[in-house]
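Below is one structure; the comments refer to it alone.
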Amino acid sequence: MSGGDSRLLGRLLDWLEERAGWSFLVDLGKKKQVPLHRHSLWYYLGGMTLFLFILQVVTGILLLLYYRASAEEAFESVQFIMTKVPFGWLIRSIHSWSANLLVFVLFVHMFSVFFMKAYRKPRELTWLSGMALLFLMLGFGFSGYLLPWNKLAFFATQVGTDMAGVLPVVGHFALRFLRGGEQVTGGTLTRFYGFHVAVLPALTTALLGLHLLLVQKHGMSVPPSIAAEHKPGGEAPKSMSFWPHFLLRDAIGWCAALGVLAALAALFPWELGEKADPFSPAPAGIRPEWYFAWMFQTLKYLPAHILGIEGELLGILGVGVAALVWVLVPFLDRSPAPGNRVSRLFTLAGWLALAFMAVMTVIVYLPQGH
Amino acid sequence: MSPAPEQPSRRGFLNWFLGTSMGAMFLSVAYPVARYISPPDVPEAQTSRVVAAREGDLKPNSGKIFRFGSLPGLLVRTGDGEYKAFAATCTHLNCTVQYKDDTRQIWCACHNGVFDLQGHNVSGPPPRPLEEYVVNVVDGEIVVSRS
Amino acid sequence: MRLLKLAPALVLIVLMSFITPSLRAEEPPAKPAGPLPNETSCFNCHSQLDGAALEPTKLAAEDIHFQKGLSCHDCHGGDPTAIDDMDASHNPKKGWIGKPDRLHIPEFCAKCHSDATFMKRFDPRARVDQLSEYRTSVHGQKNAKGDGEVAVCVDCHQVHGIRAISDPRSPVYPTNVAETCAHCHADPKKMDPYNVPTNQFTEYKTSVHFHAIQEEGDLAAPTCNDCHGSHGATPPGVESVTSVCGTCHPREATLFRETEAKKKMDLSPCIRCMVCHSNHAILSPNDEMLGVGKDSTCTGCHAEGDSGYAAAAKMAQSIEALKGSLAQATSLLDRAERAGMEVSEDRFALQKAKDGLVESRVLAHSFDLERFLAAANGGIAAANAGVAAAKKAFAELRYRRVGLGLSLLVILAVILALAMKVKELGARPPA
């Protein structure tokens with residue numbers, strides 16, 4: 001150990017220990033074991049998602065020092081951030097790129113948890129809180145997209161909230177609740193801002209806290225196929241301690257992510273486009289952000305009417321039912337043993353869902369202008 | 001079991017390297033954030049209001065071009081000392097207009113368009129009046145904003 | 001004694017004679033001096049005839065004369081009260097003229113229209129010099145010599161159903177004038193005997209003035225009578241073309257005069273506006289008209305070797321340089337803005353370049369190379385400043401990339417350090 005600096009650091013840490021007892025956290029970290037096996041790489045995704053979320057919170061807080069949430073000023077304030085505030089371009093581009101990266105990593109995390117069947121008992125609540133967090137993150141994405149108040153976002157929001165209006169019974173109320181009225185207006189912008197910086201963060205804090213506590217409580221789950229390889233009485237399964245081994249590796253990933261985001265922000269700055277004009281007609285090729293694109297494309301393929309019911313409605317209900325099954329999977333696939341028929345069925349269903357979403361997403365971006 | 005002699009110095013070097021590089025990374029994050037948080041030269045976007053001049057800059061019966069967003073504006077101090085401001089883009093072919101102190105009118109040099117001090121197009125080719133802005137004098141500054 | 005008894009009755013009668021006038025029924029107002037326009041014997045009879053005799057009555061409702069209270073007899077004479085009696089109505093002793101012959105129509109209308117006292121009853125601002133103006137025109141001169149084919153009042157204003165000139169349906173309302181003139185002037189059968197060309201209307205229809213009146217409804221734009229006169233219709237002489245065009249285009253006209261004064265030269269061969277701009281087919285001017293190219297109007301008179309040719313070439317070159325620089329600056333600034341750079345201040349400065357472009361184009365009419373170049377060079381300088389500003393913006397972008405490169409190096413160093421630490425910790429036995 002090198003000389004004076006670390007002794008000073010050590011004295012500071014001791015002082016804190018006597019008063020806050022912080023070292024229990026390190027003990028927790030040292031005790032926590034991360035199983036080592038051929039699928040261990042997927043364990044990093046949860047932490048990566050968390051890192052990106054924290055990055056969003058930090059850059060988001062910085063942005064709200066200059067952003068204004070009214071139809072008259074929103075676009076100009078983002079332009080101001082991009083051009084007049086020192087490094088504003090960096091903060092804003094990182095926030096926009098990281099939002100997309102966050103959703104992507106989140107989906108990978110969810111699918112990896114699904115395929116590794118980490119939702120089984122006793123981790124059902126972890127899965128449910130995770131699904132709730134997914135919907136919250138999608139809500140962050142949808143509400144945040146409107147905030148620059150540019151043409152693309154304005155019409156994407158119009159289309160998206162129109163979808164909400166198609167739901168039976170609650171549709172019209174949902175549409176009015178989201179839009180703050182019948183149309184997308186400055187009132188919608190203010191409302192979305194409230195959701196984006198207050199409502200959703202509050203809900204996320206609560207659910208994220210629960211999610212992390214549960215993960216700590218139950219430890220890392222091992223996929224059934226791997227668990228079956230270790231017969232009781234045989235050699236102990238390999239693992240590494242969370243602190244410092246796993247965390248250091250986590251940190252490498254986070255630094256890499258930071259580097260990628262910095263490069264994206266500097267080389268491909270996020271465009272601002274043109275200010276929204278509610279009175280001009282919608283430009284051609286309006287579509288929602290990529291993570292909603294698969295739904296958008298699916299709805300486009302459905303015929304206008306199926307058995308007398310509106311195609312759009314059936315599409316949305318269909319997606320809703322599928323999502324419900326997905327959310328309830330811990331209660332539908334309970335068997336701890338691998339190779340079980342129900343278990344294999346769900347794995348297959350998961351692959352089909354993933355393939356479907358991927359293909360639909362790609363189609364949206366094909367040059368034929370679908 | 002004592003560690004080999006090279007290991008402590010290698011470990012020491014590694015710890016130093018780790019500490020220093022993390023410090024450098026922390027600085028490369030903290031510097032932009034610090035610059036970002038400190039107020040920029042202009043506190044807010046200047047699209048809806050702008051300081052066109054200071055009191056005393058303009059003599060009565062004179063005019064001055066100022067910038068409003070990305071378009072020119074014309075600040076006129078009338079013979080009575082009152083301030084008036086207009087969009088300075090001629091409504092004919094977008095030349096920049098000017099104030100003429102002899103005729104006390106706003107004139108466009110390109111095709112002889114003439115506007116009065118209400119912004120109305122009174123002579124020549126301009127088909128529409130000039131947009132008039134709201135002027136307020138605040139703390140010795142002439143502040144022009146859109147109506 | 002009996003008189004005393006009658007006293008109350010007398011008092012009552014006296015009192016009543018004061019009160020009763022107001023109680024007496026209202027007398028109807030006095031009838032107008034003559035019969036109402038459509039109650040004359042003329043109208044009465046002719047409305048029951050057919051063919052050409054019926055026409056005047058059908059058009060009466062739109063006729064301004066009828067609307068002002070005048071009727072058939074006010075122009076044609078006769079007795080309007082002789083209902084159902086044609087001979088009495090058509091009585092020459094009562095002033096009946098009947099249908100006037102074509103040659104004498106100008107005097108016929110001028111009976112009233114040249115009488116200031118009479119006209120003032122209906123419109124205090126009405127002009128009364130139409131006949132004297134007409135006599136200065138080609139139409140009027142020929143008519144005076146006995147030519148019955150040339151235009152007289154009714155050819156433009158119609159005979160019956162004469163609408164006010166402010167009525168958009170009138171043949172002499174600005175939007176209709178050209179077509180009215182073209183009735184004769186575009187007809188070779190009518191114009192050939194006089195050796196007058198007939199292409200004016202076709203040419204005029206291609207012009208910006210026609211477009212302005214017809215499509216944009218801009219009544220300030222000229223039609224035939226604005227340059228040729230309404231009643232005193234005469235093609236403007238060579239010396240007056242500049243003044244005629246200059247009534248609406250004063251800046252260009254002033255520029256000629258300024259150069260003539262400054263350079264003490266006579267610009268008359270150049271300044272008949274129609275030499276470059278045509279007289280009827282006045283199209284939107286473009287930059288190709290300036291210079292020595294194939295569409296140039298300068299080369300019509302100037303040939304290679306003379307100073308005018310050289311000046312024109314230089315002007316064209318200057319304009320092209322300005323346009324090129326301006327286009328380059330605009331596109332570079334657009335690119336920079338899309339990449340996230342602040343360029344509104346630079347766009348503002350670029351406005352000066354646009355001003356310079358518009359002003360130089362106008363200054364071409366001064367035929368003064370120095371003056372032209374002063375404006376054009378000012379514009380070029382502003383445009384070049386815009387290009388420089390855009391390049392500065394790109395330099396800032398490059399600075400960002402350098403900054404990125406450095407921070408990536410730092411991050412790479414951290415990753416390397418972490419990886420080495422991981423490896424080192426892995427070598428040690430687990431804690």
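The chains in the structure tokens are called A, B, ... from first to last as shown; in each chain the residues are counted from 1, and the ligands are counted from 1 in the order shown.
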(request) Could you please select, counting only C-alpha atoms, the residues of chain C within 9 Å of chain A and state them as a ChimeraX atom specification? (result) /C:338-343,397,400-401,403-405,407-408,411-412,414-416,418-419,421-422,425-426,430-431
Please report, as a tab-separated table, each residue of chain C lying at most 10 Å from chain B, together with the nearest pair of atoms and the separation in Å rounded to one decimal; use only C-alpha atoms, and order rows by chain and ascending residue number.
```
residue	atom	partner	partner_atom	distance
C:Asp218	CA	B:Pro127	CA	9.6
C:Ala220	CA	B:Pro125	CA	9.5
C:Cys248	CA	B:Gly124	CA	7.7
C:His249	CA	B:His111	CA	7.9
C:Pro250	CA	B:Asn112	CA	7.7
C:Arg251	CA	B:His111	CA	6.1
C:Glu252	CA	B:His111	CA	8.2
C:Val343	CA	B:Ser70	CA	8.6
C:Ser344	CA	B:Ser70	CA	4.9
C:Glu345	CA	B:Ser70	CA	6.2
C:Asp346	CA	B:Ser70	CA	8.2
C:Arg347	CA	B:Ser70	CA	6.2
C:Phe348	CA	B:Ser70	CA	5.1
C:Ala349	CA	B:Ser70	CA	8.8
C:Leu350	CA	B:Ser70	CA	9.8
C:Gln351	CA	B:Thr96	CA	7.9
C:Lys352	CA	B:Thr96	CA	7.9
C:Ala353	CA	B:Cys95	CA	9.8
C:Lys354	CA	B:Cys95	CA	7.3
C:Asp355	CA	B:Cys95	CA	5.0
C:Gly356	CA	B:Cys95	CA	8.6
C:Leu357	CA	B:Cys95	CA	9.4
C:Val358	CA	B:Cys110	CA	6.6
C:Glu359	CA	B:Cys110	CA	5.2
C:Ser360	CA	B:Cys110	CA	8.8
C:Arg361	CA	B:Cys110	CA	9.1
C:Val362	CA	B:Cys110	CA	6.9
C:Leu363	CA	B:Cys110	CA	8.9
C:Gly403	CA	B:Ser28	CA	9.4
C:Leu404	CA	B:Ser28	CA	9.9
C:Leu406	CA	B:Ser28	CA	9.0
C:Ser407	CA	B:Ser28	CA	6.4
C:Leu408	CA	B:Met25	CA	9.2
C:Leu409	CA	B:Met25	CA	9.5
C:Val410	CA	B:Met25	CA	5.9
C:Ile411	CA	B:Met25	CA	6.2
C:Leu412	CA	B:Ser21	CA	9.0
C:Ala413	CA	B:Ser21	CA	6.0
C:Val414	CA	B:Ser21	CA	5.1
C:Ile415	CA	B:Ser21	CA	8.9
C:Leu416	CA	B:Leu18	CA	8.5
C:Ala417	CA	B:Leu18	CA	5.0
C:Leu418	CA	B:Leu18	CA	6.7
C:Ala419	CA	B:Leu18	CA	9.7
C:Met420	CA	B:Leu14	CA	7.5
C:Lys421	CA	B:Leu14	CA	6.9
C:Glu424	CA	B:Arg11	CA	8.0
C:Leu425	CA	B:Arg11	CA	9.9
C:Arg428	CA	B:Pro3	CA	9.9
```
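Interatomic distance, atom CA of Lys392 of chain C against atom CA of Glu337 of chain C: 12.1 Å.
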(message) So that I can see what lies close to Leu62 of chain A, please list as a ChimeraX atom specification the residues with an atom at most 10 Å from it, counting only C-alpha atoms and leaving out residues fewer than 6 positions away in the same chain.
(response) /A:56,88,91-92,95 /B:33,36-37
Next, the residues of the selection above should be written as a compact mmCIF listing (two decimals), in the first residue's frame with all heavy atoms.
```
# COMPACT_ATOMS: atom_id res chain seq x y z
N GLN A 56 -29.32 8.42 -16.91
CA GLN A 56 -30.49 9.19 -17.36
C GLN A 56 -30.93 10.17 -16.31
O GLN A 56 -31.27 11.31 -16.61
CB GLN A 56 -31.66 8.25 -17.70
CG GLN A 56 -31.51 7.51 -18.99
CD GLN A 56 -31.30 8.42 -20.15
OE1 GLN A 56 -30.17 8.79 -20.48
NE2 GLN A 56 -32.37 8.83 -20.79
N GLY A 88 -23.82 21.63 -23.52
CA GLY A 88 -25.24 21.27 -23.53
C GLY A 88 -25.50 20.20 -24.57
O GLY A 88 -26.29 19.28 -24.37
N ILE A 91 -24.62 16.79 -23.06
CA ILE A 91 -25.59 16.29 -22.08
C ILE A 91 -26.86 15.82 -22.79
O ILE A 91 -27.40 14.74 -22.51
CB ILE A 91 -25.92 17.38 -21.04
CG1 ILE A 91 -24.66 17.92 -20.37
CG2 ILE A 91 -26.91 16.87 -20.01
CD1 ILE A 91 -23.98 16.92 -19.46
N ARG A 92 -27.35 16.64 -23.72
CA ARG A 92 -28.61 16.29 -24.37
C ARG A 92 -28.46 15.06 -25.24
O ARG A 92 -29.30 14.17 -25.23
CB ARG A 92 -29.12 17.47 -25.20
CG ARG A 92 -30.56 17.28 -25.64
CD ARG A 92 -30.69 17.34 -27.10
NE ARG A 92 -31.99 16.81 -27.53
CZ ARG A 92 -32.41 16.79 -28.77
NH1 ARG A 92 -31.66 17.30 -29.72
NH2 ARG A 92 -33.58 16.28 -29.09
N HIS A 95 -28.26 12.01 -23.17
CA HIS A 95 -29.57 11.67 -22.62
C HIS A 95 -30.42 10.96 -23.66
O HIS A 95 -31.07 9.94 -23.36
CB HIS A 95 -30.27 12.95 -22.14
CG HIS A 95 -31.48 12.70 -21.29
ND1 HIS A 95 -31.39 12.37 -19.95
CD2 HIS A 95 -32.80 12.74 -21.57
CE1 HIS A 95 -32.62 12.22 -19.45
NE2 HIS A 95 -33.49 12.43 -20.41
N VAL B 33 -19.61 18.89 -16.89
CA VAL B 33 -20.79 19.12 -16.05
C VAL B 33 -20.67 20.47 -15.33
O VAL B 33 -21.63 21.23 -15.25
CB VAL B 33 -20.98 17.98 -15.03
CG1 VAL B 33 -22.08 18.33 -14.04
CG2 VAL B 33 -21.31 16.68 -15.74
N TYR B 36 -21.30 23.15 -17.74
CA TYR B 36 -22.73 23.14 -18.09
C TYR B 36 -23.56 23.86 -17.06
O TYR B 36 -24.45 24.64 -17.38
CB TYR B 36 -23.19 21.68 -18.22
CG TYR B 36 -24.65 21.49 -18.54
CD1 TYR B 36 -25.09 21.39 -19.85
CD2 TYR B 36 -25.61 21.40 -17.52
CE1 TYR B 36 -26.44 21.19 -20.15
CE2 TYR B 36 -26.95 21.21 -17.82
CZ TYR B 36 -27.35 21.10 -19.13
OH TYR B 36 -28.67 20.91 -19.43
N ILE B 37 -23.26 23.58 -15.78
CA ILE B 37 -24.09 24.13 -14.70
C ILE B 37 -23.88 25.63 -14.55
O ILE B 37 -24.82 26.37 -14.23
CB ILE B 37 -23.78 23.44 -13.36
CG1 ILE B 37 -24.19 21.98 -13.43
CG2 ILE B 37 -24.52 24.11 -12.24
CD1 ILE B 37 -23.95 21.24 -12.15
```
(request) Show which residues sit within 10 Å of Ser225 of chain A, as a list of chain:residue names. Count only C-alpha atoms, and ignore same-chain residues fewer than 3 positions away. (result) A:Met116, A:Lys117, A:Val222, A:Ala228, A:Glu229, A:His230, A:Pro336, A:Ala337, A:Pro338, A:Gly339
Keeping N, CA and C atoms for every residue in the selection just given, could you write it to a file as a compact mmCIF listing (two decimals), in the first residue's frame?
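This went into part25.txt:
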```txt
# COMPACT_ATOMS: atom_id res chain seq x y z
N MET A 116 -33.49 -17.80 -18.80
CA MET A 116 -32.81 -18.47 -17.72
C MET A 116 -33.79 -18.86 -16.62
N LYS A 117 -35.05 -18.55 -16.84
CA LYS A 117 -36.13 -18.93 -15.93
C LYS A 117 -35.88 -18.46 -14.51
N VAL A 222 -29.89 -19.52 -10.56
CA VAL A 222 -29.13 -20.36 -11.50
C VAL A 222 -30.14 -21.05 -12.41
N ALA A 228 -29.11 -28.54 -12.62
CA ALA A 228 -29.23 -30.01 -12.70
C ALA A 228 -27.88 -30.67 -12.90
N GLU A 229 -26.87 -29.90 -13.45
CA GLU A 229 -25.56 -30.50 -13.72
C GLU A 229 -24.79 -30.78 -12.44
N HIS A 230 -25.16 -30.05 -11.40
CA HIS A 230 -24.41 -30.24 -10.15
C HIS A 230 -25.18 -31.16 -9.23
N PRO A 336 -39.76 -26.51 -11.19
CA PRO A 336 -38.34 -26.26 -11.00
C PRO A 336 -37.47 -27.14 -11.89
N ALA A 337 -38.02 -28.25 -12.36
CA ALA A 337 -37.18 -29.21 -13.10
C ALA A 337 -37.05 -28.78 -14.55
N PRO A 338 -35.87 -29.00 -15.14
CA PRO A 338 -35.71 -28.66 -16.55
C PRO A 338 -36.34 -29.71 -17.42
N GLY A 339 -36.51 -29.42 -18.69
CA GLY A 339 -37.00 -30.42 -19.61
C GLY A 339 -38.49 -30.70 -19.46
```
(request) Using only C-alpha atoms, find which residues of chain B lie within 8 Å of chain A and jot them down as a VMD selection string. (result) chain B and resid 12 32 to 33 35 to 37 39 to 40 42 44 to 45 47
(request) Per DSSP on the backbone, filter segment 167-319 of chain C down to the residues in helix (DSSP H, G or I) and report them as JSON, numbers by chain. (result) {"C": [174, 175, 176, 177, 178, 179, 180, 181, 182, 183, 184, 185, 188, 189, 190, 191, 192, 193, 194, 200, 201, 202, 203, 204, 205, 208, 209, 210, 211, 212, 213, 214, 224, 225, 226, 227, 228, 238, 239, 240, 241, 242, 243, 244, 245, 246, 250, 251, 252, 253, 254, 255, 256, 257, 258, 259, 260, 261, 262, 263, 274, 275, 276, 277, 287, 288, 289, 298, 299, 300, 307, 308, 309, 310, 311, 312, 313, 314, 315, 316, 317, 318, 319]}
Contacts of segment 73-84 of chain B at 8 Å or less, counting only C-alpha atoms, minus same-chain residues fewer than 5 places along, as a PDB file with C-alpha atoms, in the first residue's frame?
```
ATOM      1  CA  ALA B  52     -32.110  46.195 -28.557  1.00  0.00           C
ATOM      2  CA  LEU B  58     -30.325  56.610 -29.873  1.00  0.00           C
ATOM      3  CA  LYS B  59     -30.930  60.293 -30.393  1.00  0.00           C
ATOM      4  CA  PRO B  60     -34.531  61.367 -31.046  1.00  0.00           C
ATOM      5  CA  ASN B  61     -35.515  61.010 -34.719  1.00  0.00           C
ATOM      6  CA  SER B  62     -33.092  58.191 -35.454  1.00  0.00           C
ATOM      7  CA  GLY B  63     -33.180  54.461 -36.018  1.00  0.00           C
ATOM      8  CA  LYS B  64     -31.015  51.400 -35.450  1.00  0.00           C
ATOM      9  CA  ILE B  65     -31.009  47.813 -36.745  1.00  0.00           C
ATOM     10  CA  PHE B  66     -30.845  45.110 -34.074  1.00  0.00           C
ATOM     11  CA  ARG B  67     -31.021  41.343 -34.109  1.00  0.00           C
ATOM     12  CA  PHE B  68     -34.194  39.516 -33.103  1.00  0.00           C
ATOM     13  CA  THR B  89     -37.665  42.779 -43.297  1.00  0.00           C
ATOM     14  CA  VAL B  97     -35.462  48.637 -44.296  1.00  0.00           C
ATOM     15  CA  GLN B  98     -34.048  51.772 -42.670  1.00  0.00           C
ATOM     16  CA  TYR B  99     -35.309  54.871 -40.905  1.00  0.00           C
ATOM     17  CA  LEU B 117     -44.394  54.942 -38.116  1.00  0.00           C
ATOM     18  CA  GLU B 132     -44.721  45.928 -34.946  1.00  0.00           C
ATOM     19  CA  TYR B 133     -43.026  44.793 -31.723  1.00  0.00           C
ATOM     20  CA  VAL B 134     -43.648  45.762 -28.115  1.00  0.00           C
ATOM     21  CA  VAL B 135     -41.026  48.033 -26.562  1.00  0.00           C
TER      22      VAL B 135
END
```
(message) I'd like the neighbourhood of segment 227-233 of chain C as a list in words, where a residue qualifies if any of its atoms comes within 7 Å (using only C-alpha atoms), though same-chain residues fewer than 6 positions away should be ignored.
(response) Gln130, Glu133, Tyr134, Thr136, Ser137, Val138 and Val244 of chain C
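Atom CA of Trp351 of chain A is found 20.9 Å from atom CA of Ile316 of chain A.
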As a PDB file with all heavy atoms, in the first residue's frame, please: the residues near Glu141 of chain B (cut-off 8 Å, only C-alpha atoms, same-chain neighbours under 3 positions excluded).
```pdb
ATOM      1  N   VAL B  51     -32.687  42.628 -25.831  1.00  0.00           N
ATOM      2  CA  VAL B  51     -32.328  44.000 -25.492  1.00  0.00           C
ATOM      3  C   VAL B  51     -31.780  44.640 -26.750  1.00  0.00           C
ATOM      4  O   VAL B  51     -30.733  44.239 -27.258  1.00  0.00           O
ATOM      5  CB  VAL B  51     -31.256  44.027 -24.379  1.00  0.00           C
ATOM      6  CG1 VAL B  51     -30.816  45.459 -24.145  1.00  0.00           C
ATOM      7  CG2 VAL B  51     -31.823  43.432 -23.107  1.00  0.00           C
ATOM      8  N   ALA B  52     -32.498  45.627 -27.269  1.00  0.00           N
ATOM      9  CA  ALA B  52     -32.110  46.195 -28.557  1.00  0.00           C
ATOM     10  C   ALA B  52     -31.066  47.293 -28.401  1.00  0.00           C
ATOM     11  O   ALA B  52     -30.252  47.504 -29.284  1.00  0.00           O
ATOM     12  CB  ALA B  52     -33.343  46.744 -29.270  1.00  0.00           C
ATOM     13  N   ALA B  53     -31.113  48.000 -27.298  1.00  0.00           N
ATOM     14  CA  ALA B  53     -30.160  49.102 -27.104  1.00  0.00           C
ATOM     15  C   ALA B  53     -30.222  49.554 -25.651  1.00  0.00           C
ATOM     16  O   ALA B  53     -31.069  49.075 -24.892  1.00  0.00           O
ATOM     17  CB  ALA B  53     -30.520  50.279 -28.018  1.00  0.00           C
ATOM     18  N   ARG B  54     -29.334  50.468 -25.287  1.00  0.00           N
ATOM     19  CA  ARG B  54     -29.424  51.067 -23.963  1.00  0.00           C
ATOM     20  C   ARG B  54     -29.993  52.468 -24.118  1.00  0.00           C
ATOM     21  O   ARG B  54     -29.862  53.088 -25.173  1.00  0.00           O
ATOM     22  CB  ARG B  54     -28.036  51.128 -23.325  1.00  0.00           C
ATOM     23  CG  ARG B  54     -27.379  49.767 -23.173  1.00  0.00           C
ATOM     24  CD  ARG B  54     -26.324  49.825 -22.071  1.00  0.00           C
ATOM     25  NE  ARG B  54     -26.882  50.244 -20.805  1.00  0.00           N
ATOM     26  CZ  ARG B  54     -27.479  49.429 -19.933  1.00  0.00           C
ATOM     27  NH1 ARG B  54     -27.565  48.142 -20.186  1.00  0.00           N
ATOM     28  NH2 ARG B  54     -27.989  49.888 -18.810  1.00  0.00           N
ATOM     29  N   GLU B  55     -30.606  52.944 -23.048  1.00  0.00           N
ATOM     30  CA  GLU B  55     -31.142  54.316 -23.104  1.00  0.00           C
ATOM     31  C   GLU B  55     -30.022  55.271 -23.400  1.00  0.00           C
ATOM     32  O   GLU B  55     -28.954  55.167 -22.827  1.00  0.00           O
ATOM     33  CB  GLU B  55     -31.745  54.671 -21.737  1.00  0.00           C
ATOM     34  CG  GLU B  55     -33.247  54.675 -21.772  1.00  0.00           C
ATOM     35  CD  GLU B  55     -33.858  55.295 -20.548  1.00  0.00           C
ATOM     36  OE1 GLU B  55     -33.549  54.810 -19.443  1.00  0.00           O
ATOM     37  OE2 GLU B  55     -34.615  56.252 -20.688  1.00  0.00           O
ATOM     38  N   VAL B 137     -38.974  49.975 -21.611  1.00  0.00           N
ATOM     39  CA  VAL B 137     -37.688  50.443 -21.107  1.00  0.00           C
ATOM     40  C   VAL B 137     -37.549  49.950 -19.677  1.00  0.00           C
ATOM     41  O   VAL B 137     -38.352  50.315 -18.809  1.00  0.00           O
ATOM     42  CB  VAL B 137     -37.601  51.981 -21.154  1.00  0.00           C
ATOM     43  CG1 VAL B 137     -36.228  52.429 -20.686  1.00  0.00           C
ATOM     44  CG2 VAL B 137     -37.881  52.487 -22.558  1.00  0.00           C
ATOM     45  N   VAL B 138     -36.589  49.083 -19.452  1.00  0.00           N
ATOM     46  CA  VAL B 138     -36.425  48.470 -18.125  1.00  0.00           C
ATOM     47  C   VAL B 138     -34.989  48.667 -17.675  1.00  0.00           C
ATOM     48  O   VAL B 138     -34.061  48.210 -18.341  1.00  0.00           O
ATOM     49  CB  VAL B 138     -36.734  46.945 -18.188  1.00  0.00           C
ATOM     50  CG1 VAL B 138     -36.557  46.319 -16.825  1.00  0.00           C
ATOM     51  CG2 VAL B 138     -38.142  46.722 -18.717  1.00  0.00           C
TER      52      VAL B 138
END
```
(request) DSSP on the backbone, then: every residue of segment 2-147 of chain B marked strand (DSSP E or B), written as number ranges by chain. (result) B: 49-54, 62-68, 71-77, 83-87, 89, 96, 98-100, 105-108, 113-115, 121-123, 132-138, 141-145
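Distances from B:Asp139, B:Arg49, B:Ser9, B:Gly56 to Ala85 of chain B were compared using only C-alpha atoms, and the smallest one belongs to B:Arg49.
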